[in-house]
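Notes follow the structure.
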Amino acid sequence: MSLLPSWPEPIIRVQSLSKSGIRKIPHRFVKPPSDRPCNIMDITTTSINIPLIDLENLNSPNDSVRQETIDHISHVCREWGFFQVANHGISHELMEKTRAVWHEFFQLPLEEKQKFANLPMTYEGYGSRIGVEVGAKLDWCDYFFLHYLPQVLKDENKWPCLPVSCRKVISEYGEKMVKLSRRLIKILSIGLGLNEDYVHKSFGGDGESSACLRVNFYPKCPQPDLTLGLSPHSDPGGITILLPDTDISGLQIRRGNNWLTVNPIPNAFIVNIGDQIQVLSNAIYKSVEHRVIVNSNKERLSLAFFYNPGGRALIKPADELVTKDCPALYSPMTFNEYRSFIRTKGPSGKSQIESHKSPR
Ligand code: OGA
Ligand code: NI
């Protein structure tokens with residue numbers, strides 16, 4: 001699949017649109033009625049607390065406490081595909097500092113952010129759309145995308161240079177998130193009955209595994225009931241660790257035919273399973289569809305940290321999880337090949353993983 005050398009249409013910075021004071025959003029952002037967030041006024045009545053895991057329990061001297069925690073994580077990955085983690089080892093101060101530098105970045109004048117304008121070849125930098133289809137509906141969001149791993153893709157010169165402290169803070173945040181991700185994928189492996197290094201090795205190990213950050217900025221929207229901050233999708237990669245904004249919700253997850261608004265717990269991270277773990281676990285763990293709604297009186301920022309297979313890693317259902325009764329549901333595919341779908345088509349619910357099912 002070829003990725004275009006430049007965006008097919010002029011880029012619209014959503015933050016500039018929002019600041020311009022328009023009362024009606026351009027038609028490019030207006031979703032068809034069936035895709036709009038219904039009952040936007042009712043979101044408080046459908047908000048939920050997704051399972052919370054205390055990661056400190058993994059260090060308990062008591063074997064049964066450790067085992068129960070692993071079992072709990074394994075259960076929520078099967079039933080929910082989403083959970084929150086507390087006592088995760090990342091200081092609240094670092095979480096706050098990281099949010100603050102990104103808030104500052106998005107408040108910079110447009111010219112300053114434009115210096116980092118991204119292209120669909122790599123998506124690195126300051127962006128305002130996912131997907132390159134001409135005429136596609138757009139989401140009410142600007143973002144910044146950068147790489148931490150593999151080392152060859154990490155290039156701090158492509159990261160914001162203002163505020164001055166930001167590269168140091170972003171780097172420290174990345175280091176801590178890589179460690180947390182590696183801890184979590186061990187638990188996920190064990191929860192599947194696999195060797196604790198199984199997922200790590202399948203992702204290409206220390207040298208190849210990839211890690212990147214997308215900071216999403218959802219400006220205030222004059223007609224939040226007509227659009228979405230991020231259209232329904234499942235994350236294409238391994239696991240996502242989301243640091244949501246304080247005091248404002250926006251993330252919704254799909255349970256059956258309902259969209260439930262996630263109540264973020266202060267100082268916790270929201271973790272979710274991506275498509276590659278669904279494939280590798282032969283659909284025992286679920287990569288759940290989610291979307292983001294926007295707000296008329298508050299902007300919102302979220303940091304989505306993605307821990308993924310290396311681009312050349314061939315991901316397929318683990319042999320140990322393939323049996324006569326549970327044949328392999330997916331054929332092997334490299335992560336680069338898999339990810340080019342969302343980068344071309346944009347967020348499209350669960351259509352990619354569905355179409356990736358092995359023919360039978
Ligand atoms: C994402 C995502 C949710 C949010 O970036 O993939 O789902 O709350 N973000 O911003
Ligand atoms: Ni997502």
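Letters for chains follow the order of the structure tokens (A, B, ...), residue numbers begin at 1 for each chain, and ligand numbers begin at 1 in the order shown.
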
**OP:** Write out as a PyMOL selection string each polymer residue (protein, DNA or RNA) that has an atom no more than 12 Å from ligand 2, with only C-alpha atoms and all ligand atoms counted.
**Re:** chain A and resi 81-82+130+213-216+229-244+250-254+270-275+287-292+302-306+342+346-350

Original post:
Which polymer residues have any atom within 12 Å of an atom of Cys221 of chain A, counting only C-alpha atoms, with same-chain residues fewer than 4 positions away left out, as a ChimeraX atom specification?
Top reply: /A:14-26,29-30,139-141,217,225-229,293-300

**OP:** Check segment 92-337 of chain A with DSSP on the backbone and list each residue it calls helix (DSSP H, G or I), as JSON, numbers by chain.
**Re:** {"A": [92, 93, 94, 95, 96, 97, 98, 99, 100, 101, 102, 103, 104, 105, 106, 107, 110, 111, 112, 113, 114, 151, 152, 153, 156, 157, 158, 166, 167, 168, 169, 170, 171, 172, 173, 174, 175, 176, 177, 178, 179, 180, 181, 182, 183, 184, 185, 186, 187, 188, 189, 190, 191, 198, 199, 200, 201, 202, 205, 206, 207, 208, 275, 276, 277, 278, 279, 280, 319, 320, 321, 335, 336, 337]}

Original post:
Which neighbours of segment 52-56 of chain A fall inside 8 Å, counting only C-alpha atoms, when residues of the same chain fewer than 3 positions from it are skipped, and could you give them as a PyMOL selection string?
Top reply: chain A and resi 59-60+69+72-73+83-88

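Near segment 194-205 of chain A, within a cut-off of 6 Å and counting only C-alpha atoms, sit the residues Lys186, Ser189, Ile190, Ser209, Pro309, Gly310 and Ala313 of chain A, with same-chain residues fewer than 4 positions away left out.
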
Original post:
Pick the closest to ligand 1 from A:Phe145, A:Ser355, A:Asn336, A:Ile187: which is it, counting only C-alpha atoms and all ligand atoms?
Top reply: A:Phe145

Original post:
From the list A:Asn57, A:Ser340, A:Thr261, A:Asn157, which residue is nearest ligand 1 when using only C-alpha atoms and all ligand atoms?
Top reply: A:Thr261

Original post:
Could you pull out all residues of segment 248-357 of chain A with a DSSP call of strand (DSSP E) and give them as a PyMOL selection string?
Top reply: chain A and resi 251-255+258-262+269-273+290-292+300-308+314-315+333-334

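You will find atom CA of Arg167 of chain A at 26.0 Å from atom CA of Arg343 of chain A.
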
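Considering only C-alpha atoms and all ligand atoms, the residue among A:Ala328, A:Ala318, A:Leu162, A:Val262 positioned nearest to ligand 1 is A:Val262.
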
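The residue that comes closest to Ala283 of chain A, out of A:Glu354, A:Asp245, A:Glu111, A:Asp155 and on the basis of only C-alpha atoms, is A:Glu354.
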
**OP:** Quick one: everything within 7 Å of Lys316 of chain A, counting only C-alpha atoms, minus sequence neighbours fewer than 5 positions away in the same chain. Send it as a PyMOL selection string.
**Re:** chain A and resi 279-280+330-333

Store the residues picked out above, limited to C-alpha atoms, as a compact mmCIF listing (two decimals), in the first residue's frame.
```
# COMPACT_ATOMS: atom_id res chain seq x y z
CA VAL A 279 -4.18 -11.56 16.94
CA LEU A 280 -1.37 -13.02 19.02
CA TYR A 330 -5.78 -14.73 11.70
CA SER A 331 -3.08 -15.17 9.13
CA PRO A 332 0.42 -13.78 9.81
CA MET A 333 1.03 -10.14 8.90
```

Subject >> Distance query Gly193 of chain A at most 9 Å, only C-alpha atoms, self and fewer than 4 positions along chain excluded, as a list in words >> reply: Leu188, Ser189, Glu320 and Leu321 of chain A

Written file, previous selection with N, CA and C atoms, as a tab-separated table (two decimals), in the first residue's frame:
```tsv
chain	number	residue	atom	x	y	z
A	188	LEU	N	0.55	-9.95	30.68
A	188	LEU	CA	-0.40	-10.42	29.65
A	188	LEU	C	0.01	-11.79	29.14
A	189	SER	N	1.33	-11.99	28.94
A	189	SER	CA	1.82	-13.29	28.47
A	189	SER	C	1.48	-14.38	29.48
A	320	GLU	N	0.72	-22.10	20.85
A	320	GLU	CA	0.17	-22.71	22.07
A	320	GLU	C	-1.33	-22.45	22.21
A	321	LEU	N	-1.84	-21.43	21.51
A	321	LEU	CA	-3.25	-21.07	21.67
A	321	LEU	C	-4.09	-21.54	20.48
```

As a PDB file with all heavy atoms, in the first residue's frame, please: the residues near segment 4-11 of chain A (cut-off 9 Å, only C-alpha atoms, same-chain neighbours under 3 positions excluded).
```
ATOM      1  N   ASN A 118       3.275  17.598  10.053  1.00  0.00           N
ATOM      2  CA  ASN A 118       3.622  16.232   9.643  1.00  0.00           C
ATOM      3  C   ASN A 118       3.140  15.876   8.233  1.00  0.00           C
ATOM      4  O   ASN A 118       2.377  16.622   7.619  1.00  0.00           O
ATOM      5  CB  ASN A 118       3.120  15.209  10.680  1.00  0.00           C
ATOM      6  CG  ASN A 118       1.638  14.943  10.592  1.00  0.00           C
ATOM      7  OD1 ASN A 118       0.895  15.664   9.937  1.00  0.00           O
ATOM      8  ND2 ASN A 118       1.192  13.884  11.261  1.00  0.00           N
ATOM      9  N   LEU A 119       3.618  14.738   7.751  1.00  0.00           N
ATOM     10  CA  LEU A 119       3.265  14.230   6.427  1.00  0.00           C
ATOM     11  C   LEU A 119       2.799  12.783   6.569  1.00  0.00           C
ATOM     12  O   LEU A 119       3.200  12.090   7.511  1.00  0.00           O
ATOM     13  CB  LEU A 119       4.494  14.277   5.502  1.00  0.00           C
ATOM     14  CG  LEU A 119       4.982  15.686   5.137  1.00  0.00           C
ATOM     15  CD1 LEU A 119       6.325  15.613   4.411  1.00  0.00           C
ATOM     16  CD2 LEU A 119       3.946  16.414   4.283  1.00  0.00           C
ATOM     17  N   PRO A 120       1.974  12.328   5.616  1.00  0.00           N
ATOM     18  CA  PRO A 120       1.435  10.969   5.763  1.00  0.00           C
ATOM     19  C   PRO A 120       2.464   9.850   5.595  1.00  0.00           C
ATOM     20  O   PRO A 120       2.162   8.697   5.888  1.00  0.00           O
ATOM     21  CB  PRO A 120       0.361  10.896   4.678  1.00  0.00           C
ATOM     22  CG  PRO A 120       0.646  11.995   3.735  1.00  0.00           C
ATOM     23  CD  PRO A 120       1.412  13.044   4.468  1.00  0.00           C
ATOM     24  N   MET A 121       3.672  10.183   5.125  1.00  0.00           N
ATOM     25  CA  MET A 121       4.715   9.147   4.993  1.00  0.00           C
ATOM     26  C   MET A 121       5.059   8.535   6.354  1.00  0.00           C
ATOM     27  O   MET A 121       5.258   7.332   6.459  1.00  0.00           O
ATOM     28  CB  MET A 121       6.001   9.748   4.430  1.00  0.00           C
ATOM     29  CG  MET A 121       5.863  10.369   3.079  1.00  0.00           C
ATOM     30  SD  MET A 121       5.915   9.130   1.817  1.00  0.00           S
ATOM     31  CE  MET A 121       7.675   8.939   1.660  1.00  0.00           C
ATOM     32  N   GLY A 127      -0.047  17.112  13.524  1.00  0.00           N
ATOM     33  CA  GLY A 127      -0.983  16.651  12.508  1.00  0.00           C
ATOM     34  C   GLY A 127      -2.428  16.991  12.837  1.00  0.00           C
ATOM     35  O   GLY A 127      -2.748  17.361  13.979  1.00  0.00           O
ATOM     36  N   SER A 128      -3.283  16.858  11.826  1.00  0.00           N
ATOM     37  CA  SER A 128      -4.701  17.140  12.053  1.00  0.00           C
ATOM     38  C   SER A 128      -5.618  16.141  11.368  1.00  0.00           C
ATOM     39  O   SER A 128      -6.823  16.350  11.350  1.00  0.00           O
ATOM     40  CB  SER A 128      -5.044  18.559  11.591  1.00  0.00           C
ATOM     41  OG  SER A 128      -4.354  19.495  12.384  1.00  0.00           O
ATOM     42  N   ARG A 129      -5.064  15.086  10.794  1.00  0.00           N
ATOM     43  CA  ARG A 129      -5.949  14.048  10.276  1.00  0.00           C
ATOM     44  C   ARG A 129      -5.222  12.706  10.282  1.00  0.00           C
ATOM     45  O   ARG A 129      -3.997  12.648  10.233  1.00  0.00           O
ATOM     46  CB  ARG A 129      -6.472  14.380   8.877  1.00  0.00           C
ATOM     47  CG  ARG A 129      -5.407  14.433   7.800  1.00  0.00           C
ATOM     48  CD  ARG A 129      -5.994  14.846   6.460  1.00  0.00           C
ATOM     49  NE  ARG A 129      -6.812  13.778   5.843  1.00  0.00           N
ATOM     50  CZ  ARG A 129      -7.558  13.970   4.753  1.00  0.00           C
ATOM     51  NH1 ARG A 129      -7.628  15.161   4.171  1.00  0.00           N
ATOM     52  NH2 ARG A 129      -8.255  12.979   4.230  1.00  0.00           N
ATOM     53  N   GLY A 131      -5.428   9.247   8.037  1.00  0.00           N
ATOM     54  CA  GLY A 131      -6.016   8.757   6.795  1.00  0.00           C
ATOM     55  C   GLY A 131      -5.839   9.785   5.691  1.00  0.00           C
ATOM     56  O   GLY A 131      -5.696  10.986   5.954  1.00  0.00           O
ATOM     57  N   VAL A 132      -5.828   9.282   4.463  1.00  0.00           N
ATOM     58  CA  VAL A 132      -5.545  10.166   3.323  1.00  0.00           C
ATOM     59  C   VAL A 132      -6.638  10.125   2.252  1.00  0.00           C
ATOM     60  O   VAL A 132      -6.424  10.576   1.135  1.00  0.00           O
ATOM     61  CB  VAL A 132      -4.178   9.804   2.676  1.00  0.00           C
ATOM     62  CG1 VAL A 132      -3.037  10.095   3.621  1.00  0.00           C
ATOM     63  CG2 VAL A 132      -4.137   8.343   2.223  1.00  0.00           C
ATOM     64  N   GLU A 133      -7.805   9.584   2.601  1.00  0.00           N
ATOM     65  CA  GLU A 133      -8.863   9.484   1.597  1.00  0.00           C
ATOM     66  C   GLU A 133      -9.438  10.871   1.302  1.00  0.00           C
ATOM     67  O   GLU A 133      -9.856  11.580   2.231  1.00  0.00           O
ATOM     68  CB  GLU A 133      -9.993   8.588   2.117  1.00  0.00           C
ATOM     69  CG  GLU A 133      -9.516   7.231   2.570  1.00  0.00           C
ATOM     70  CD  GLU A 133      -9.904   6.105   1.642  1.00  0.00           C
ATOM     71  OE1 GLU A 133     -11.094   5.772   1.603  1.00  0.00           O
ATOM     72  OE2 GLU A 133      -9.001   5.570   0.958  1.00  0.00           O
ATOM     73  N   VAL A 134      -9.460  11.208   0.018  1.00  0.00           N
ATOM     74  CA  VAL A 134      -9.986  12.515  -0.380  1.00  0.00           C
ATOM     75  C   VAL A 134     -11.467  12.592  -0.008  1.00  0.00           C
ATOM     76  O   VAL A 134     -12.228  11.665  -0.260  1.00  0.00           O
ATOM     77  CB  VAL A 134      -9.792  12.715  -1.900  1.00  0.00           C
ATOM     78  CG1 VAL A 134     -10.436  14.014  -2.353  1.00  0.00           C
ATOM     79  CG2 VAL A 134      -8.311  12.691  -2.238  1.00  0.00           C
ATOM     80  N   GLY A 135     -11.845  13.684   0.628  1.00  0.00           N
ATOM     81  CA  GLY A 135     -13.251  13.890   0.965  1.00  0.00           C
ATOM     82  C   GLY A 135     -13.707  13.200   2.236  1.00  0.00           C
ATOM     83  O   GLY A 135     -14.876  13.300   2.603  1.00  0.00           O
ATOM     84  N   THR A 344      -4.041   4.863   5.942  1.00  0.00           N
ATOM     85  CA  THR A 344      -4.606   5.188   4.639  1.00  0.00           C
ATOM     86  C   THR A 344      -6.088   5.524   4.777  1.00  0.00           C
ATOM     87  O   THR A 344      -6.557   6.559   4.337  1.00  0.00           O
ATOM     88  CB  THR A 344      -4.426   3.998   3.677  1.00  0.00           C
ATOM     89  OG1 THR A 344      -3.053   3.618   3.696  1.00  0.00           O
ATOM     90  CG2 THR A 344      -4.827   4.367   2.270  1.00  0.00           C
TER      91      THR A 344
END
```

**OP:** Would you please work out which residue, of A:Asp319, A:Asp142, A:Glu156, A:Glu208, is nearest to ligand 1 when using only C-alpha atoms and all ligand atoms?
**Re:** A:Asp142

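If only C-alpha atoms are the atoms counted, then among A:Cys161, A:Cys166, A:Ile48, A:Ile265 the closest residue to Lys113 of chain A is A:Cys161.
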